[in-house]
There are 2 protein chains.
Amino acid sequence: MKIAIAQLNPTIGDLANNAKKIVEAAQFAAHQNARLLLTPELSLCGYPPRDLLLDPSFIKSLSIELQSLAQKSPSQLAILVGTVTPNHDAHIKGEKPLFNSIAWLENSQIKKVFHKRLLPTYDVFDEDRYFEPGRQNNYFELLPDSQSSTPLKIGITICEDLWNDEKFWGGKYYEYNPLEDLLKFGVDFILNLSASPYNVGKQKIREKMVKYSSKHYQTPIIYVNQIGGNDDLIFDGNSFAVNKKSEIVLRLKAFEENIDFINLQIKDKDLSLSKINDEIKIEEEEIWLALVLGVKDYVKKCGFSKVVLGLSGGIDSALVAAIATEALGKENVLALLMPSPYSSHHSIIDAEALVKNLGINSYKLPIGDIMESYKILLDPLFEGTKLGIAEENIQSRIRGNLLMAIANKFGHLLLSTGNKSEMAVGYCTLYGDMNGGLAVISDVPKTRVFSLCRWLNCDREIIPHNILIKSPSAELKPNQTDQDSLPSYEVLDEILEGLIHRHQSVSQIHEAGFDLATIDKVIKLVASAEFKRKQASPGLRITDRAFGTGWKMPIANRWKIN
Amino acid sequence: MKIAIAQLNPTIGDLANNAKKIVEAAQFAAHQNARLLLTPELSLCGYPPRDLLLDPSFIKSLSIELQSLAQKSPSQLAILVGTVTPNHDAHIKGEKPLFNSIAWLENSQIKKVFHKRLLPTYDVFDEDRYFEPGRQNNYFELLPDSQSSTPLKIGITICEDLWNDEKFWGGKYYEYNPLEDLLKFGVDFILNLSASPYNVGKQKIREKMVKYSSKHYQTPIIYVNQIGGNDDLIFDGNSFAVNKKSEIVLRLKAFEENIDFINLQIKDKDLSLSKINDEIKIEEEEIWLALVLGVKDYVKKCGFSKVVLGLSGGIDSALVAAIATEALGKENVLALLMPSPYSSHHSIIDAEALVKNLGINSYKLPIGDIMESYKILLDPLFEGTKLGIAEENIQSRIRGNLLMAIANKFGHLLLSTGNKSEMAVGYCTLYGDMNGGLAVISDVPKTRVFSLCRWLNCDREIIPHNILIKSPSAELKPNQTDQDSLPSYEVLDEILEGLIHRHQSVSQIHEAGFDLATIDKVIKLVASAEFKRKQASPGLRITDRAFGTGWKMPIANRWKIN
């Protein structure tokens, strides 16, 4: 029996076009004589729809669109579509009003609807906000072809449903294990329909876990994942399948919308070997592809085609320019060089070299005269005060204003270029260099920015060599470098990793070899930058703890990690 | 038996000082011969602690602080303290790692810990993210004094635990009703320890619901609420008690930290009449007090004492200046007047009249020369284009830069002054007038801004009369008024109320008397302003649906309400 796997890239809330993608996949699958088409979790509305779910007209439209999709389904093809369905008994039973569901469409009918059982509510996930967990075991019977009389028993899991194997994780995160429950019903194989966001190394964990479960329960598992960028979240696709021996027998390309096929042999109820695309071995390549996709989709799904960004001559904006060029094409990237009297000569030269390497458009807008006009206005007020943060920020905000002026005038989306280390300690100017519709590398630590650029340069120089070797500097006052105010980025990033990703205590970080004064300073900086992060643009998430939708920190608070 | 009710204002994460507040309340209560002291939900850490709960050192410190609090409890006084406790079996049972708990302290011991059963996960609440619901019925027995041998049986509910009366609401929102369960155990009376955020009219609903439950179950209920501003949320206190006849017998002042007492008569197990502060009858007064508290606490809890804001001569900034003056004192409010060549003469006069009425400090910083310096730099690029949004935004962002420069230089917190109607339709400039650490009236619709100012002026002119009667204008181009781009605010606010608060469809709003083209325009404006709201500062919440932590909308989406 041929099974089609549609690794789709829906746009949130674009029901008509998402349905069209599913119909096209169904026609192609039918043409290839597939019996079953799999699509990702919530493939009809895109994941995550968030508070669109509170709009009754959204739920109603999903229902109408699903009916219409069923009508359009090719004969002989069963389709599994991800959608949201109402929980009609919610206020009688005291439950949430919706289910995160998979609908089985066949013969112009909605044959059955299955509800997700484990609802993630942590990090970027907030499914308990909207959904009631399903309580049924989700499986269905399908005749493999019109000749056969023995149906296959197929188990359905939706994303998180597969992620509660006590033995694999060394503990349970939910009461039930839907996989275990399904196997008791004697299903022949397991499907997992997911919208699982990317972070570095995620696919390794998925494959390890699915292989483990497949081996433990001696069952084939087909894992289908959404691809595409939706605001801060990047979905990597990477759909794959394992056979009964827990061998990978199919892997779709990461970060690409695609459709592929796998055969289930009826005799031994196992999956045949299909096309196995290589896994991405180098983390830098993986992150690069993720960020390129994230930029491309955010720009497109927001209705833009062109972007603008400021090039300082530093490494962060250089990397963002390279990502944007790859994502959108050089003709759609505009760089602004905005030197001040404090800009070093090499900053302009380096930025211009980058512009040339990438082949993008650029303008130079020196900000000295505007700085002077602010100075004249503010001098009487600032008389007797020392030059400091206020004056530095004015420069950054002049640049932010110019970038937005160009963005507004020509309909470009502004990309901001700050990295995660800066966002963590507040080494960035709110309403200045933080300006932008999308923060491309705000989840990429500075040390990783360097490694990405070195990787990018491995074949030919894209990032000018001088940008790679000079000391990082905001250039907001004479002879400034980042390390005037901060520990070295190697030290800073390690401490941040401990604090943010590993939830470590001061003594644990200290034991790892960092001095208490530095740790204390970093903790204070991170806490006091919360108000900046609150007002940051969405930032593409590539780690398991980003400063985005999954970071919910009170601003007016006096807590200090100890 | 005398019961003390401490309506406390904790600072999130400030465990030592929150504990100190509880100790002081306990000493006072003991001095007044109280037998039992009640404090709000999570009184030890403040509500809501959000992701501080993910820091293991936070949970550990809470435990240490609670132990120390028990040691300091006066003899003969039982204290109920709100705190977070670990769920030690979480990963064995597949549960969340924490409980939202109330600890009963007495005789230097933690006598018992009770867990919240109903965990709100909607709007601004996300308790399922952190907590496992308690499954026990929460009650304890207390001897009313050292002479008596018959204990009282006291039922404990924590905030949401009381909000699931099927008959009152006409439906259930949770499977269980903890109140009903407790009454089966024959408790003598019910406590509710809350951190229930304010919105207009909330106290009316609380009292109605508690009276209903009291009558239905013939039980006295004591309702204790947190007060104070924590980021966007304002807690109003308004603690109260009803007797068996469901009469109000105690009401603490709204929006004030306070401690008061009520007697439970042992004989008939009912509450005696105590002090009943008036309910606030005028909605404008209620909102005013809420916003004043919200500003006061955000400024103080963030470690500031002074604020700066831009005065345009319009009604929004006038109202914010008045609120800030009431909250912080006139000596702590600095107003910047930043006229451009498009500013009308009366704008300056009106702003100056307001400055005089409030007695606050002000500076005038005309922005014409800075505008000119941007124009000179951008003219070659903008040649042949029409004057438009880009040029208008430059002005707003120059003002935003100047305000931040003053804020940075002198250590003031910048208040932003946009109203909810503007925030809804995007009639505001990101990185311009949206700049600020706190958006004071971003949940106040424009029509309500007018009614607040009229109410404020009822005794004497605080907001200059001319500000109240002139047509609203952004004054970013000659002879501009808001109604060039928007429907009248009366119409706009009604449509927004339908869309945002009542989740109405287009046809429902149309049936209410609004034309389809206007509704369509408003829907598009609201959707396209999502990226601005994403980057807005925290805004004080006064309605049941604010654009803050309770508003989770995807930006890159193509949904249109129908």
# chains A, B, ... in the order shown; residues from 1 in each chain; ligands from 1
>>> interface_residues(of="chain B", to="chain A", cutoff="6 Å", atoms="only C-alpha atoms", output="JSON, numbers by chain")
{"B": [12, 13, 14, 50, 51, 55, 57, 91, 92, 94, 95, 121, 122, 129, 171, 172, 173, 174, 175, 231, 301, 302, 370, 373, 390, 405, 408, 409, 431, 503, 535, 536, 537, 552, 553, 556, 557, 558, 559, 562]}
>>> write_last_selection(atoms="N, CA, C and O atoms", output="compact mmCIF listing (two decimals), in the first residue's frame")
# COMPACT_ATOMS: atom_id res chain seq x y z
N ILE B 12 6.78 41.07 42.84
CA ILE B 12 7.09 39.74 42.30
C ILE B 12 8.57 39.41 42.59
O ILE B 12 9.46 40.18 42.28
N GLY B 13 8.77 38.25 43.20
CA GLY B 13 10.12 37.74 43.39
C GLY B 13 10.89 38.36 44.55
O GLY B 13 12.00 37.94 44.84
N ASP B 14 10.30 39.35 45.22
CA ASP B 14 10.99 40.02 46.34
C ASP B 14 10.65 39.28 47.63
O ASP B 14 10.00 39.83 48.53
N ARG B 50 5.15 33.97 36.86
CA ARG B 50 5.46 33.48 35.50
C ARG B 50 6.75 32.64 35.47
O ARG B 50 6.95 31.80 36.31
N ASP B 51 7.66 32.90 34.52
CA ASP B 51 8.78 31.97 34.31
C ASP B 51 9.85 32.00 35.40
O ASP B 51 10.81 31.22 35.33
N ASP B 55 12.94 28.58 37.51
CA ASP B 55 14.27 28.65 38.11
C ASP B 55 14.28 27.85 39.41
O ASP B 55 13.62 28.21 40.38
N SER B 57 16.28 27.69 41.77
CA SER B 57 16.69 28.45 42.97
C SER B 57 15.53 29.28 43.51
O SER B 57 15.49 29.63 44.69
N HIS B 91 7.32 13.39 37.86
CA HIS B 91 7.76 12.59 36.71
C HIS B 91 7.51 11.08 36.89
O HIS B 91 7.75 10.31 35.98
N ILE B 92 7.02 10.72 38.06
CA ILE B 92 6.55 9.34 38.22
C ILE B 92 5.10 9.25 37.74
O ILE B 92 4.72 8.34 37.02
N GLY B 94 3.57 11.57 35.83
CA GLY B 94 3.31 12.29 34.59
C GLY B 94 2.55 13.58 34.87
O GLY B 94 1.53 13.86 34.25
N GLU B 95 3.05 14.37 35.82
CA GLU B 95 2.35 15.59 36.21
C GLU B 95 3.27 16.80 36.10
O GLU B 95 4.48 16.67 35.88
N THR B 121 -6.34 28.90 32.66
CA THR B 121 -5.42 28.95 31.51
C THR B 121 -6.20 29.54 30.34
O THR B 121 -6.74 28.82 29.50
N TYR B 122 -6.32 30.84 30.37
CA TYR B 122 -7.03 31.61 29.35
C TYR B 122 -6.68 33.06 29.62
O TYR B 122 -6.16 33.39 30.68
N ARG B 129 0.74 25.97 32.58
CA ARG B 129 2.14 25.96 32.15
C ARG B 129 3.06 25.48 33.27
O ARG B 129 4.12 24.91 32.99
N GLY B 171 -23.10 27.07 33.08
CA GLY B 171 -22.25 26.07 32.42
C GLY B 171 -21.01 25.87 33.27
O GLY B 171 -20.70 26.68 34.15
N LYS B 172 -20.32 24.76 33.00
CA LYS B 172 -19.11 24.46 33.78
C LYS B 172 -17.86 24.77 32.95
O LYS B 172 -17.84 24.54 31.74
N TYR B 173 -16.82 25.21 33.60
CA TYR B 173 -15.56 25.47 32.91
C TYR B 173 -14.46 24.49 33.35
O TYR B 173 -13.41 24.43 32.74
N TYR B 174 -14.76 23.78 34.43
CA TYR B 174 -13.85 22.75 34.93
C TYR B 174 -14.71 21.57 35.38
O TYR B 174 -15.89 21.75 35.69
N GLU B 175 -14.08 20.42 35.43
CA GLU B 175 -14.84 19.23 35.81
C GLU B 175 -15.39 19.34 37.24
O GLU B 175 -16.52 18.97 37.50
N ASP B 231 3.31 44.70 36.45
CA ASP B 231 3.37 44.89 35.00
C ASP B 231 2.01 45.38 34.50
O ASP B 231 1.50 46.37 34.98
N LYS B 301 8.19 49.56 41.54
CA LYS B 301 8.70 48.19 41.52
C LYS B 301 9.80 47.99 40.48
O LYS B 301 10.55 47.02 40.54
N CYS B 302 9.87 48.90 39.49
CA CYS B 302 10.99 48.85 38.53
C CYS B 302 12.18 49.65 39.03
O CYS B 302 13.20 49.75 38.34
N ILE B 370 15.66 69.53 13.69
CA ILE B 370 16.02 68.12 13.53
C ILE B 370 15.29 67.54 12.33
O ILE B 370 15.86 66.81 11.52
N SER B 373 17.11 68.39 9.30
CA SER B 373 18.35 67.63 9.09
C SER B 373 18.07 66.24 8.52
O SER B 373 18.84 65.73 7.71
N ALA B 390 5.82 57.93 5.78
CA ALA B 390 7.25 57.93 6.12
C ALA B 390 7.64 59.24 6.79
O ALA B 390 8.27 59.24 7.85
N ALA B 405 16.09 60.11 25.23
CA ALA B 405 17.36 60.76 25.61
C ALA B 405 17.24 61.37 27.01
O ALA B 405 18.13 61.21 27.86
N ASN B 408 16.97 58.48 29.54
CA ASN B 408 18.28 57.86 29.76
C ASN B 408 19.21 58.79 30.55
O ASN B 408 19.90 58.35 31.47
N LYS B 409 19.19 60.05 30.19
CA LYS B 409 20.13 60.98 30.83
C LYS B 409 19.82 61.17 32.31
O LYS B 409 20.71 61.16 33.15
N TYR B 431 8.19 52.88 17.62
CA TYR B 431 9.47 53.57 17.88
C TYR B 431 9.30 55.09 17.92
O TYR B 431 10.28 55.83 17.87
N HIS B 503 -16.28 39.05 20.47
CA HIS B 503 -15.99 38.04 19.44
C HIS B 503 -17.12 37.95 18.41
O HIS B 503 -17.52 36.86 18.02
N GLN B 535 5.27 44.79 19.63
CA GLN B 535 6.43 45.48 20.17
C GLN B 535 6.05 46.60 21.14
O GLN B 535 6.88 47.44 21.49
N ALA B 536 4.80 46.61 21.56
CA ALA B 536 4.36 47.65 22.50
C ALA B 536 4.87 47.35 23.90
O ALA B 536 5.15 46.21 24.24
N SER B 537 4.99 48.38 24.71
CA SER B 537 5.36 48.19 26.11
C SER B 537 4.17 47.60 26.86
O SER B 537 3.06 47.60 26.35
N LYS B 552 -2.72 36.83 22.27
CA LYS B 552 -1.67 36.02 21.66
C LYS B 552 -2.02 35.78 20.20
O LYS B 552 -2.64 34.79 19.87
N MET B 553 -1.63 36.70 19.36
CA MET B 553 -2.08 36.65 17.98
C MET B 553 -0.86 36.47 17.05
O MET B 553 0.14 37.14 17.22
N ALA B 556 2.30 36.95 11.15
CA ALA B 556 2.26 36.53 9.75
C ALA B 556 1.06 35.62 9.55
O ALA B 556 1.18 34.41 9.51
N ASN B 557 -0.12 36.21 9.45
CA ASN B 557 -1.31 35.39 9.23
C ASN B 557 -2.24 36.06 8.23
O ASN B 557 -2.19 37.26 8.04
N ARG B 558 -3.08 35.26 7.59
CA ARG B 558 -3.95 35.78 6.55
C ARG B 558 -5.43 35.65 6.92
O ARG B 558 -6.28 35.65 6.05
N TRP B 559 -5.71 35.48 8.21
CA TRP B 559 -7.09 35.31 8.60
C TRP B 559 -7.83 36.65 8.59
O TRP B 559 -7.27 37.67 8.96
N ASN B 562 -14.97 36.94 9.67
CA ASN B 562 -16.09 37.07 8.73
C ASN B 562 -17.43 36.86 9.44
O ASN B 562 -17.47 36.76 10.66
>>> select_by_dssp(residues="range 96-194 of chain A", states="alpha helix (DSSP H)", output="number ranges by chain")
A: 166-169, 178-184
>>> closest_residue(among="B:Leu69, B:Cys159, B:Val449, B:Val124", to="Pro40 in chain B", atoms="only C-alpha atoms")
B:Cys159
>>> select_by_dssp(residues="range 161-387 of chain A", states="strand (DSSP E)", output="count of residues only")
50
>>> residues_around(residues="Val308 in chain A", least_positions_apart="2", cutoff="9 Å", atoms="only C-alpha atoms", output="ChimeraX atom specification")
/A:306,310,332-336,403-404,406-407,412-415
>>> write_last_selection(atoms="all heavy atoms", output="compact mmCIF listing (two decimals), in the first residue's frame")
# COMPACT_ATOMS: atom_id res chain seq x y z
N LYS A 306 10.58 42.76 -0.24
CA LYS A 306 11.91 43.35 -0.09
C LYS A 306 12.20 43.71 1.37
O LYS A 306 11.29 44.00 2.13
CB LYS A 306 11.99 44.64 -0.92
CG LYS A 306 12.02 44.40 -2.44
CD LYS A 306 11.95 45.70 -3.20
CE LYS A 306 11.84 45.47 -4.69
NZ LYS A 306 13.12 45.05 -5.31
N GLY A 310 20.39 47.76 8.35
CA GLY A 310 21.55 48.62 8.54
C GLY A 310 22.82 47.77 8.58
O GLY A 310 22.84 46.76 9.27
N ASN A 332 16.46 42.03 -3.75
CA ASN A 332 15.42 42.36 -2.76
C ASN A 332 15.99 42.78 -1.41
O ASN A 332 15.25 42.88 -0.44
CB ASN A 332 14.47 41.18 -2.59
CG ASN A 332 13.66 40.93 -3.83
OD1 ASN A 332 13.14 41.88 -4.43
ND2 ASN A 332 13.58 39.69 -4.27
N VAL A 333 17.29 43.00 -1.37
CA VAL A 333 17.94 43.37 -0.11
C VAL A 333 18.60 44.73 -0.27
O VAL A 333 19.42 44.93 -1.16
CB VAL A 333 18.98 42.32 0.31
CG1 VAL A 333 19.64 42.72 1.63
CG2 VAL A 333 18.34 40.94 0.43
N LEU A 334 18.21 45.65 0.59
CA LEU A 334 18.80 46.99 0.57
C LEU A 334 19.55 47.22 1.88
O LEU A 334 18.99 47.02 2.96
CB LEU A 334 17.69 48.04 0.41
CG LEU A 334 18.10 49.51 0.54
CD1 LEU A 334 19.09 49.91 -0.56
CD2 LEU A 334 16.88 50.43 0.51
N ALA A 335 20.80 47.62 1.76
CA ALA A 335 21.62 47.88 2.95
C ALA A 335 21.83 49.38 3.12
O ALA A 335 22.10 50.08 2.15
CB ALA A 335 22.96 47.17 2.81
N LEU A 336 21.68 49.85 4.36
CA LEU A 336 22.01 51.24 4.65
C LEU A 336 23.29 51.30 5.47
O LEU A 336 23.40 50.63 6.50
CB LEU A 336 20.90 51.92 5.44
CG LEU A 336 19.57 52.21 4.76
CD1 LEU A 336 18.76 53.19 5.61
CD2 LEU A 336 19.78 52.78 3.37
N LEU A 403 16.25 53.95 9.09
CA LEU A 403 15.89 52.64 8.54
C LEU A 403 14.38 52.51 8.39
O LEU A 403 13.88 52.02 7.36
CB LEU A 403 16.41 51.52 9.47
CG LEU A 403 17.92 51.28 9.39
CD1 LEU A 403 18.41 50.51 10.62
CD2 LEU A 403 18.28 50.53 8.11
N MET A 404 13.65 52.97 9.40
CA MET A 404 12.19 52.88 9.32
C MET A 404 11.64 53.84 8.26
O MET A 404 10.63 53.54 7.61
CB MET A 404 11.56 53.18 10.69
CG MET A 404 11.66 52.05 11.69
SD MET A 404 10.96 50.47 11.14
CE MET A 404 9.23 50.88 10.99
N ILE A 406 13.07 54.62 5.41
CA ILE A 406 13.24 53.92 4.13
C ILE A 406 12.23 52.78 4.01
O ILE A 406 11.59 52.58 2.98
CB ILE A 406 14.68 53.34 4.02
CG1 ILE A 406 15.73 54.44 4.19
CG2 ILE A 406 14.86 52.55 2.72
CD1 ILE A 406 15.87 55.38 3.05
N ALA A 407 12.07 52.02 5.11
CA ALA A 407 11.12 50.91 5.11
C ALA A 407 9.71 51.41 4.81
O ALA A 407 9.00 50.87 3.96
CB ALA A 407 11.16 50.18 6.46
N HIS A 412 9.53 48.34 2.33
CA HIS A 412 10.43 47.26 2.70
C HIS A 412 10.15 46.83 4.15
O HIS A 412 9.68 47.61 4.96
CB HIS A 412 11.90 47.72 2.64
CG HIS A 412 12.42 47.92 1.27
ND1 HIS A 412 11.65 48.34 0.22
CD2 HIS A 412 13.68 47.76 0.77
CE1 HIS A 412 12.40 48.44 -0.88
NE2 HIS A 412 13.64 48.08 -0.57
N LEU A 413 10.45 45.59 4.43
CA LEU A 413 10.43 45.14 5.82
C LEU A 413 11.83 45.36 6.41
O LEU A 413 12.82 44.98 5.78
CB LEU A 413 10.05 43.65 5.88
CG LEU A 413 9.91 43.05 7.28
CD1 LEU A 413 8.53 43.37 7.86
CD2 LEU A 413 10.10 41.54 7.26
N LEU A 414 11.89 45.96 7.59
CA LEU A 414 13.19 46.17 8.23
C LEU A 414 13.58 44.93 9.04
O LEU A 414 12.80 44.43 9.84
CB LEU A 414 13.12 47.39 9.16
CG LEU A 414 14.33 47.65 10.07
CD1 LEU A 414 15.61 47.84 9.27
CD2 LEU A 414 14.08 48.86 10.97
N LEU A 415 14.79 44.45 8.79
CA LEU A 415 15.33 43.33 9.58
C LEU A 415 16.23 43.89 10.67
O LEU A 415 17.07 44.75 10.41
CB LEU A 415 16.14 42.38 8.70
CG LEU A 415 15.38 41.71 7.54
CD1 LEU A 415 16.34 40.84 6.73
CD2 LEU A 415 14.21 40.88 8.05
>>> atom_distance(atom1="CA of Gln32 in chain B", atom2="CA of Ser75 in chain B")
12.8 Å
>>> closest_residue(among="A:Leu38, A:Leu142, A:Val295, A:Met1", to="Lys269 in chain A", atoms="only C-alpha atoms")
A:Met1
>>> residues_around(residues="range 356-359 of chain A", least_positions_apart="6", cutoff="12 Å", atoms="only C-alpha atoms", output="ChimeraX atom specification")
/A:318-326,328-335,349-350,457,460-465
>>> residues_around(residues="range 181-191 of chain B", least_positions_apart="3", cutoff="8 Å", atoms="only C-alpha atoms", output="list in words")
Asn137, Asn138, Tyr139, Leu152, Lys153, Ile154, Gly155, Ile156, Thr157, Asn177, Pro178, Tyr217, Thr219, Pro220, Ile221, Ile222, Tyr223, Val224, Lys269 and Asp270 of chain B
